[in-house]
file input.cif (mmCIF, C-alpha atoms)
data_entry
#
loop_
_atom_site.label_atom_id
_atom_site.label_comp_id
_atom_site.auth_asym_id
_atom_site.auth_seq_id
_atom_site.Cartn_x
_atom_site.Cartn_y
_atom_site.Cartn_z
CA MET E 1 -0.06 -13.92 15.69
CA SER E 2 2.88 -16.31 15.74
CA ALA E 3 6.31 -15.65 14.35
CA ASP E 4 5.62 -17.77 11.25
CA GLY E 5 2.66 -15.67 10.18
CA ALA E 6 -0.12 -17.87 11.55
CA GLY E 7 -3.33 -15.90 11.66
CA LEU E 8 -2.58 -13.96 8.46
CA GLY E 9 -4.03 -16.67 6.19
CA PRO E 10 -7.68 -15.54 6.46
CA ALA E 11 -6.68 -11.98 5.58
CA PHE E 12 -4.84 -13.19 2.48
CA ASP E 13 -7.86 -15.28 1.46
CA ALA E 14 -10.11 -12.23 1.92
CA VAL E 15 -7.86 -9.94 -0.10
CA MET E 16 -7.67 -12.47 -2.93
CA ALA E 17 -11.46 -12.80 -2.91
CA ARG E 18 -11.67 -9.00 -3.13
CA VAL E 19 -9.42 -9.08 -6.21
CA ALA E 20 -11.86 -11.42 -7.93
CA VAL E 21 -14.82 -9.16 -7.09
CA THR E 22 -12.93 -6.09 -8.27
CA ALA E 23 -11.98 -7.75 -11.56
CA GLU E 24 -15.65 -8.39 -12.29
CA ALA E 25 -16.55 -4.81 -11.38
CA VAL E 26 -13.90 -2.92 -13.36
CA GLY E 27 -13.63 -5.04 -16.52
CA PRO E 28 -10.88 -3.71 -18.82
CA ARG E 29 -10.38 -0.54 -16.76
CA PHE E 30 -7.94 -0.08 -13.88
CA PRO E 31 -9.11 0.43 -10.27
CA LEU E 32 -7.64 3.41 -8.46
CA TYR E 33 -9.44 3.83 -5.13
CA ALA E 34 -12.71 2.57 -3.67
CA GLU E 35 -15.33 4.25 -1.49
CA PRO E 36 -15.12 2.95 2.09
CA ALA E 37 -18.91 2.70 2.48
CA ASP E 38 -19.70 0.37 -0.41
CA GLY E 39 -16.45 -0.56 -2.17
CA ARG E 40 -17.28 1.13 -5.46
CA TRP E 41 -14.11 1.81 -7.44
CA LYS E 42 -12.91 4.99 -9.08
CA THR E 43 -11.27 3.69 -12.26
CA THR E 44 -8.99 4.89 -15.02
CA GLY E 45 -8.78 3.81 -18.64
CA ARG E 46 -4.97 3.64 -18.97
CA GLY E 47 -4.03 2.89 -15.37
CA SER E 48 -2.17 6.10 -14.52
CA TRP E 49 0.80 5.54 -12.20
CA THR E 50 -1.07 2.77 -10.35
CA GLY E 51 -1.84 0.43 -13.26
CA GLY E 52 1.02 -1.93 -12.50
CA PHE E 53 -0.34 -2.61 -9.04
CA TRP E 54 -3.61 -3.89 -10.47
CA ALA E 55 -1.77 -6.14 -12.91
CA GLY E 56 0.42 -7.30 -10.02
CA LEU E 57 -2.62 -8.13 -7.91
CA LEU E 58 -4.02 -10.21 -10.75
CA TRP E 59 -0.72 -12.11 -11.00
CA LEU E 60 -0.74 -12.74 -7.25
CA ARG E 61 -4.29 -14.04 -7.58
CA ALA E 62 -3.23 -16.33 -10.44
CA ARG E 63 -0.40 -17.74 -8.34
CA TYR E 64 -2.79 -18.16 -5.41
CA THR E 65 -5.46 -20.05 -7.37
CA GLY E 66 -3.33 -21.79 -10.00
CA ASP E 67 -6.22 -21.25 -12.39
CA ALA E 68 -5.44 -20.84 -16.09
CA ALA E 69 -8.25 -18.32 -16.55
CA ASP E 70 -6.79 -16.15 -13.78
CA ARG E 71 -3.40 -16.31 -15.45
CA ARG E 72 -4.91 -15.21 -18.76
CA ALA E 73 -6.65 -12.29 -17.05
CA ALA E 74 -3.38 -11.19 -15.46
CA ALA E 75 -1.51 -11.48 -18.77
CA ALA E 76 -4.18 -9.45 -20.58
CA CYS E 77 -4.02 -6.69 -17.97
CA THR E 78 -0.23 -6.58 -18.15
CA ALA E 79 -0.39 -6.26 -21.93
CA ARG E 80 -2.53 -3.13 -21.48
CA LEU E 81 0.42 -1.49 -19.72
CA ALA E 82 2.49 -1.49 -22.92
CA PRO E 83 1.76 2.16 -23.85
CA TRP E 84 3.59 3.25 -20.70
CA VAL E 85 6.91 2.01 -22.11
CA GLY E 86 7.20 5.15 -24.20
CA ALA E 87 5.79 7.57 -21.61
CA ASP E 88 8.12 10.18 -20.13
CA THR E 89 7.71 9.38 -16.45
CA ALA E 90 9.87 7.86 -13.73
CA THR E 91 6.71 6.19 -12.44
CA ARG E 92 7.38 3.60 -15.13
CA GLY E 93 9.34 2.01 -12.31
CA LEU E 94 6.11 1.50 -10.37
CA ILE E 95 4.04 0.63 -13.44
CA LEU E 96 6.33 -1.73 -15.33
CA TRP E 97 8.20 -3.38 -12.47
CA TYR E 98 5.26 -4.20 -10.21
CA GLY E 99 3.07 -5.03 -13.19
CA THR E 100 5.53 -7.67 -14.45
CA ALA E 101 7.73 -8.93 -11.59
CA PRO E 102 4.92 -10.94 -9.90
CA ALA E 103 4.36 -12.78 -13.20
CA GLY E 104 7.30 -15.09 -12.58
CA ASP E 105 8.29 -16.91 -15.74
CA ASP E 106 5.61 -15.47 -18.04
CA ALA E 107 7.41 -14.74 -21.31
CA GLU E 108 5.25 -11.82 -22.45
CA ALA E 109 5.52 -10.08 -19.07
CA ALA E 110 9.29 -10.56 -19.18
CA GLU E 111 9.40 -9.05 -22.67
CA LEU E 112 7.41 -6.00 -21.53
CA GLN E 113 9.68 -5.62 -18.52
CA GLY E 114 12.71 -5.66 -20.79
CA LEU E 115 11.23 -3.01 -23.08
CA GLY E 116 10.42 -0.84 -20.09
CA ALA E 117 13.87 -1.32 -18.61
CA ARG E 118 15.62 -0.25 -21.81
CA ALA E 119 13.32 2.76 -22.15
CA MET E 120 14.11 3.80 -18.59
CA LEU E 121 17.81 3.43 -19.22
CA SER E 122 17.56 5.64 -22.31
CA ALA E 123 15.85 8.31 -20.16
CA TYR E 124 18.74 8.41 -17.69
CA ASP E 125 20.29 11.89 -17.58
CA ARG E 126 24.03 11.63 -16.94
CA GLU E 127 24.39 15.30 -16.03
CA LEU E 128 21.65 15.15 -13.40
CA GLY E 129 22.67 11.66 -12.29
CA LEU E 130 19.11 10.31 -12.34
CA VAL E 131 16.07 9.53 -14.44
CA PRO E 132 13.98 12.74 -14.29
CA TRP E 133 10.40 12.57 -13.05
CA GLY E 134 9.15 13.41 -16.54
CA ASP E 135 6.10 15.26 -17.83
CA ALA E 136 3.74 12.44 -18.83
CA LEU E 137 1.57 13.03 -15.76
CA GLY E 138 1.71 16.82 -16.03
CA GLY E 139 3.80 19.42 -14.24
CA PRO E 140 7.51 20.18 -14.58
CA ARG E 141 9.75 17.50 -16.02
CA LEU E 142 12.99 18.04 -14.10
CA LEU E 143 11.93 16.75 -10.72
CA ALA E 144 13.50 14.27 -8.33
CA ARG E 145 10.78 12.48 -6.36
CA VAL E 146 11.02 9.58 -3.96
CA ASP E 147 8.18 7.74 -5.73
CA GLY E 148 10.32 7.74 -8.86
CA VAL E 149 12.87 5.41 -7.24
CA PRO E 150 11.16 2.09 -6.30
CA GLY E 151 10.89 -0.23 -9.27
CA THR E 152 13.21 2.03 -11.25
CA VAL E 153 16.33 0.65 -9.56
CA PRO E 154 15.68 -3.03 -10.49
CA LEU E 155 14.49 -2.03 -13.98
CA LEU E 156 17.66 -0.09 -14.72
CA ALA E 157 19.86 -2.85 -13.30
CA GLY E 158 17.96 -5.46 -15.31
CA ALA E 159 18.77 -3.59 -18.53
CA GLY E 160 22.48 -3.71 -17.77
CA GLY E 161 22.40 -0.24 -16.29
CA GLN E 162 23.82 -1.04 -12.87
CA GLY E 163 25.74 2.23 -12.86
CA ALA E 164 22.63 4.24 -13.73
CA ALA E 165 20.61 2.36 -11.10
CA ALA E 166 23.22 3.08 -8.43
CA ALA E 167 23.50 6.74 -9.44
CA HIS E 168 19.71 7.19 -9.55
CA LEU E 169 19.32 5.87 -6.02
CA SER E 170 22.39 7.67 -4.68
CA ARG E 171 21.24 10.98 -6.13
CA HIS E 172 17.83 10.64 -4.51
CA LEU E 173 19.39 9.72 -1.18
CA ASP E 174 21.62 12.79 -1.36
CA LEU E 175 18.77 15.12 -2.35
CA CYS E 176 15.84 13.69 -0.42
CA LEU E 177 17.33 12.18 2.71
CA GLY E 178 20.07 14.79 3.06
CA ALA E 179 21.98 15.46 6.25
CA ASN E 180 19.12 16.11 8.67
CA PRO E 181 18.35 12.79 10.40
CA GLY E 182 14.68 13.56 10.98
CA VAL E 183 13.68 15.20 7.70
CA LEU E 184 12.84 13.82 4.27
CA ILE E 185 12.38 16.07 1.25
CA PRO E 186 10.00 14.08 -0.97
CA ALA E 187 10.39 16.18 -4.13
CA LEU E 188 12.80 18.71 -5.58
CA THR E 189 12.82 20.67 -8.83
CA PHE E 190 15.90 21.51 -10.85
CA ASP E 191 16.75 25.07 -11.84
CA ALA E 192 19.69 25.76 -14.13
CA VAL E 193 20.82 28.65 -11.93
CA ALA E 194 19.73 27.69 -8.41
CA GLY E 195 20.18 23.93 -8.76
CA TRP E 196 17.91 21.57 -6.86
CA GLN E 197 15.21 23.27 -4.78
CA PRO E 198 12.61 21.61 -2.50
CA CYS E 199 9.01 21.49 -3.70
CA PRO E 200 6.19 22.40 -1.30
CA ASP E 201 4.12 19.39 -2.36
CA PRO E 202 4.29 16.63 -1.22
CA PRO E 203 5.15 18.00 2.24
CA PRO E 204 8.19 16.84 4.24
CA GLY E 205 5.90 14.83 6.51
CA TRP E 206 4.51 12.72 3.65
CA ILE E 207 4.75 9.30 5.23
CA ARG E 208 4.29 7.33 2.03
CA GLY E 209 7.31 9.11 0.59
CA ARG E 210 9.45 7.68 3.36
CA ALA E 211 8.01 4.22 2.71
CA TRP E 212 8.74 4.49 -1.03
CA LEU E 213 12.36 5.41 -0.41
CA LEU E 214 12.79 2.63 2.17
CA LEU E 215 11.46 0.16 -0.40
CA ALA E 216 13.99 1.34 -2.97
CA VAL E 217 16.83 1.05 -0.46
CA ALA E 218 15.73 -2.47 0.45
CA ASP E 219 15.72 -3.50 -3.21
CA ALA E 220 19.23 -2.10 -3.66
CA LEU E 221 20.52 -3.99 -0.63
CA LEU E 222 19.35 -7.18 -2.30
CA ARG E 223 21.38 -6.32 -5.42
CA PRO E 224 25.10 -6.29 -4.59
CA ASP E 225 25.78 -5.89 -8.33
CA LEU E 226 24.84 -2.20 -8.09
CA ALA E 227 28.22 -1.33 -6.55
CA LEU E 228 26.97 1.88 -4.99
CA PRO E 229 29.68 4.50 -4.47
CA GLY E 230 30.85 5.27 -0.94
CA PRO E 231 30.96 3.06 2.14
CA ALA E 232 29.19 -0.27 1.82
CA ALA E 233 27.28 0.48 5.02
CA ARG E 234 25.60 3.57 3.51
CA LEU E 235 22.43 1.79 2.43
CA GLY E 236 22.06 0.03 5.76
CA GLU E 237 22.39 3.37 7.52
CA ALA E 238 19.80 4.89 5.18
CA ALA E 239 17.42 2.03 5.96
CA GLU E 240 17.86 2.58 9.70
CA ARG E 241 17.20 6.31 9.35
CA LEU E 242 14.06 5.77 7.31
CA VAL E 243 12.71 3.13 9.68
CA ALA E 244 13.31 5.56 12.55
CA GLN E 245 11.51 8.34 10.66
CA LEU E 246 8.55 6.03 10.07
CA GLY E 247 8.32 5.38 13.81
CA PHE E 248 8.38 1.59 13.59
CA THR E 249 10.54 0.81 16.60
CA GLN E 250 10.26 -2.45 18.46
CA HIS E 251 9.06 -0.97 21.76
CA GLU E 252 6.04 0.50 19.93
CA PHE E 253 4.66 -2.95 19.11
CA PRO E 254 2.53 -3.84 22.14
CA GLY E 255 1.05 -7.29 21.88
CA GLY E 256 2.79 -7.94 18.58
CA SER E 257 0.81 -5.32 16.63
CA GLY E 258 2.43 -2.71 14.45
CA PRO E 259 1.36 0.92 14.17
CA VAL E 260 -0.33 2.51 11.19
CA PRO E 261 1.08 6.00 10.61
CA ALA E 262 -0.61 9.30 9.91
CA ALA E 263 -0.48 10.18 6.23
CA ASP E 264 1.34 13.39 7.09
CA ALA E 265 3.69 13.29 10.07
CA GLY E 266 3.12 17.03 10.42
CA ARG E 267 -0.57 16.34 11.03
CA PRO E 268 -0.55 13.53 13.60
CA ASP E 269 -4.30 13.90 14.19
CA GLY E 270 -5.04 13.70 10.45
CA PRO E 271 -6.00 10.64 8.40
CA LEU E 272 -3.95 7.46 8.57
CA ASP E 273 -2.35 5.78 5.58
CA THR E 274 -2.51 2.00 5.60
CA SER E 275 -0.90 1.94 2.16
CA ALA E 276 2.27 3.43 3.63
CA ALA E 277 2.22 0.75 6.32
CA ALA E 278 1.81 -2.00 3.71
CA ILE E 279 4.70 -0.65 1.60
CA THR E 280 6.83 -0.48 4.74
CA ALA E 281 5.99 -4.08 5.64
CA VAL E 282 7.18 -5.27 2.23
CA ALA E 283 10.36 -3.19 2.53
CA LEU E 284 11.04 -4.69 5.96
CA LEU E 285 10.49 -8.22 4.64
CA LYS E 286 13.11 -7.48 2.01
CA LEU E 287 15.50 -6.04 4.60
CA ALA E 288 15.00 -9.20 6.65
CA ARG E 289 16.51 -11.16 3.73
CA VAL E 290 19.72 -9.12 3.93
CA PRO E 291 22.20 -10.94 6.23
CA GLY E 292 23.01 -8.99 9.34
CA PRO E 293 22.18 -8.49 13.02
CA ARG E 294 18.96 -6.53 12.30
CA ALA E 295 17.36 -9.09 9.98
CA ALA E 296 15.28 -10.80 12.67
CA GLY E 297 14.05 -7.47 14.00
CA TYR E 298 12.99 -6.34 10.54
CA ALA E 299 11.07 -9.58 10.01
CA TYR E 300 9.31 -9.16 13.35
CA ARG E 301 8.31 -5.59 12.54
CA ALA E 302 7.05 -6.56 9.09
CA GLU E 303 4.75 -9.28 10.41
CA ALA E 304 3.58 -7.01 13.21
CA ILE E 305 2.51 -4.38 10.68
CA LEU E 306 0.79 -6.99 8.52
CA GLY E 307 -0.96 -8.27 11.64
CA ARG E 308 -2.31 -4.84 12.55
CA LEU E 309 -3.53 -4.25 9.01
CA ALA E 310 -5.22 -7.65 8.86
CA GLU E 311 -6.85 -7.36 12.26
CA ASP E 312 -7.97 -3.74 12.28
CA HIS E 313 -8.19 -2.45 8.73
CA VAL E 314 -9.31 -5.29 6.42
CA THR E 315 -13.09 -5.67 6.16
CA GLY E 316 -14.55 -9.02 7.13
CA PRO E 317 -17.89 -10.81 6.82
CA GLY E 318 -20.77 -8.99 8.44
CA SER E 319 -19.22 -5.53 8.10
CA GLY E 320 -21.86 -4.40 5.63
CA ARG E 321 -19.10 -3.81 3.09
CA PRO E 322 -17.34 -6.09 0.62
CA THR E 323 -14.93 -8.45 2.36
CA GLY E 324 -11.20 -7.98 1.90
CA MET E 325 -11.00 -4.19 1.55
CA LEU E 326 -7.90 -2.58 3.08
CA LEU E 327 -9.43 0.63 4.41
CA ASP E 328 -7.91 3.81 5.84
CA GLY E 329 -5.60 4.46 2.93
CA CYS E 330 -4.95 8.10 2.10
CA TYR E 331 -4.36 9.15 -1.49
CA ASP E 332 -3.64 12.85 -0.79
CA ALA E 333 -4.24 14.36 2.64
CA GLY E 334 -3.45 17.91 1.54
CA LYS E 335 -6.05 17.86 -1.22
CA GLY E 336 -8.55 15.85 0.83
CA LEU E 337 -8.59 13.20 -1.90
CA ALA E 338 -9.61 9.65 -0.92
CA VAL E 339 -8.44 10.04 2.67
CA ARG E 340 -10.04 6.92 4.23
CA HIS E 341 -10.32 4.72 1.20
CA GLU E 342 -9.22 1.41 -0.22
CA LEU E 343 -6.26 2.11 -2.52
CA VAL E 344 -5.18 -0.33 -5.21
CA TRP E 345 -1.49 0.00 -4.28
CA GLY E 346 -2.32 -0.56 -0.62
CA ASP E 347 -4.11 -3.77 -1.58
CA PHE E 348 -1.14 -4.81 -3.70
CA PHE E 349 1.52 -4.36 -1.05
CA LEU E 350 -0.63 -5.98 1.62
CA ALA E 351 -1.20 -8.95 -0.69
CA LEU E 352 2.48 -9.09 -1.62
CA GLY E 353 3.54 -9.08 2.01
CA LEU E 354 1.06 -11.79 2.93
CA ALA E 355 2.03 -13.85 -0.12
CA ALA E 356 5.69 -13.63 0.93
CA VAL E 357 4.91 -14.71 4.50
CA HIS E 358 3.04 -17.74 3.14
CA GLY E 359 5.76 -18.68 0.65
CA ILE E 360 3.71 -17.91 -2.45
CA VAL E 361 6.27 -15.44 -3.79
CA ASP E 362 9.98 -14.85 -3.29
CA ILE E 363 10.03 -11.31 -1.91
CA THR E 364 13.60 -10.80 -3.12
CA ARG E 365 12.40 -11.04 -6.73
CA VAL E 366 9.34 -8.76 -6.66
#

call {"tool": "encode", "arguments": {"input": "input.cif", "output": "structure tokens"}}
result
Amino acid sequence: MSADGAGLGPAFDAVMARVAVTAEAVGPRFPLYAEPADGRWKTTGRGSWTGGFWAGLLWLRARYTGDAADRRAAAACTARLAPWVGADTATRGLILWYGTAPAGDDAEAAELQGLGARAMLSAYDRELGLVPWGDALGGPRLLARVDGVPGTVPLLAGAGGQGAAAAHLSRHLDLCLGANPGVLIPALTFDAVAGWQPCPDPPPGWIRGRAWLLLAVADALLRPDLALPGPAARLGEAAERLVAQLGFTQHEFPGGSGPVPAADAGRPDGPLDTSAAAITAVALLKLARVPGPRAAGYAYRAEAILGRLAEDHVTGPGSGRPTGMLLDGCYDAGKGLAVRHELVWGDFFLALGLAAVHGIVDITRV
């Protein structure tokens, strides 16, 4: 693989072809994860927290083909995300940002994004200094979780809530990244007496949690309007810590290939999670757009990860399975749920990374 992404084109073509096949298979429902043996999708009616990734994939496909019918399909899917505007969940950041940002100049997607952004801003809790996790998906409402940060930061800032966006990210960095360089606390619950207390699930070794937080930090570094409190170098230092925790150091890239991490760092012999690797690649591509001495290294690492995913984890012709599946994603290692599967968010971030490498999207805007 060359430095300009040569060799990744066939993988992008395959993933886009897989999107077309999936669209035919799921109809008006939302794909969640697919069986590795035959590619059959587990679907949801409303999309759950992953619905925006399916809409985003359809927008990437529309930009790839330039076909009006593909654009209409993407717009129709995005419109089905509208009920999530009023849902009490910080995952609206994932749903409504990634379901609309790849749409570019589509007016209806922009309108939905604006509605979602204002709803998120109204949910901001000044006393807690963040948008609570919420109870729309079940469980306690007053949680701080790392997967409630990506997408939320640009949504809040887009609604004129730069202060809320900065506070939301800063609070999660304080709570989740903390002072221990090697430990991430993915989720904490708030108690009026005891304050913030770590949750046992997800576990500290949850690798996708580290990738989610790195993605949020990368987005913030691309938005100088956030005016985060404290030293300006804080976000850069947080990015370096998270990259180190993920294990993506340059000397671990033999032959230009990037590693795919275990889903739980505490279980190194357990299942891998290609979706965490794909999220990390996108975060690194964003970090590479931030001027500084580490930009070139971040770009190299991003393409190395994309190269490993394309070469070793995307199904090709003759595999006996549908072409273009990103396998070895892990939904939930602790529960044994979809531990070697194709995950819709893994597909999305792989496609987004490849689209950025090929100049189809501006990674600083998605």

call {"tool": "atom_distance", "arguments": {"input": "input.cif", "atom1": "atom CA of E:Glu111", "atom2": "atom CA of E:Ala82"}}
result
10.2 Å

call {"tool": "atom_distance", "arguments": {"input": "input.cif", "atom1": "atom CA of E:Ala75", "atom2": "atom CA of E:Ala20"}}
result
15.0 Å

call {"tool": "closest_residue", "arguments": {"input": "input.cif", "among": "E:Asp125, E:Arg145, E:Leu177, E:Ala299", "to": "E:Ala164", "atoms": "all atoms listed in the file"}}
result
E:Asp125

call {"tool": "residues_around", "arguments": {"input": "input.cif", "residues": "stretch 272-288 of chain E", "least_positions_apart": "2", "cutoff": "7 Å", "atoms": "only C-alpha atoms", "output": "list in words"}}
result
Ile207, Arg208, Ala211, Leu214, Leu215, Ala218, Val260, Pro261, Ala262, Ala263, Gly270, Val290, Ala295, Ala296, Tyr298, Ala299, Ala302, Ile305, Leu306, Asp328, Gly329, Cys330, Trp345, Gly346, Phe349, Leu350, Gly353, Ile363 and Thr364 of chain E

call {"tool": "write_last_selection", "arguments": {"input": "input.cif", "atoms": "C-alpha atoms", "output": "compact mmCIF listing (two decimals), in the coordinates of the input"}}
result
# COMPACT_ATOMS: atom_id res chain seq x y z
CA ILE E 207 4.75 9.30 5.23
CA ARG E 208 4.29 7.33 2.03
CA ALA E 211 8.01 4.22 2.71
CA LEU E 214 12.79 2.63 2.17
CA LEU E 215 11.46 0.16 -0.40
CA ALA E 218 15.73 -2.47 0.45
CA VAL E 260 -0.33 2.51 11.19
CA PRO E 261 1.08 6.00 10.61
CA ALA E 262 -0.61 9.30 9.91
CA ALA E 263 -0.48 10.18 6.23
CA GLY E 270 -5.04 13.70 10.45
CA VAL E 290 19.72 -9.12 3.93
CA ALA E 295 17.36 -9.09 9.98
CA ALA E 296 15.28 -10.80 12.67
CA TYR E 298 12.99 -6.34 10.54
CA ALA E 299 11.07 -9.58 10.01
CA ALA E 302 7.05 -6.56 9.09
CA ILE E 305 2.51 -4.38 10.68
CA LEU E 306 0.79 -6.99 8.52
CA ASP E 328 -7.91 3.81 5.84
CA GLY E 329 -5.60 4.46 2.93
CA CYS E 330 -4.95 8.10 2.10
CA TRP E 345 -1.49 0.00 -4.28
CA GLY E 346 -2.32 -0.56 -0.62
CA PHE E 349 1.52 -4.36 -1.05
CA LEU E 350 -0.63 -5.98 1.62
CA GLY E 353 3.54 -9.08 2.01
CA ILE E 363 10.03 -11.31 -1.91
CA THR E 364 13.60 -10.80 -3.12

call {"tool": "closest_residue", "arguments": {"input": "input.cif", "among": "E:Thr152, E:Thr65, E:Asn180, E:Ser48", "to": "E:Gly138", "atoms": "all atoms listed in the file"}}
result
E:Ser48
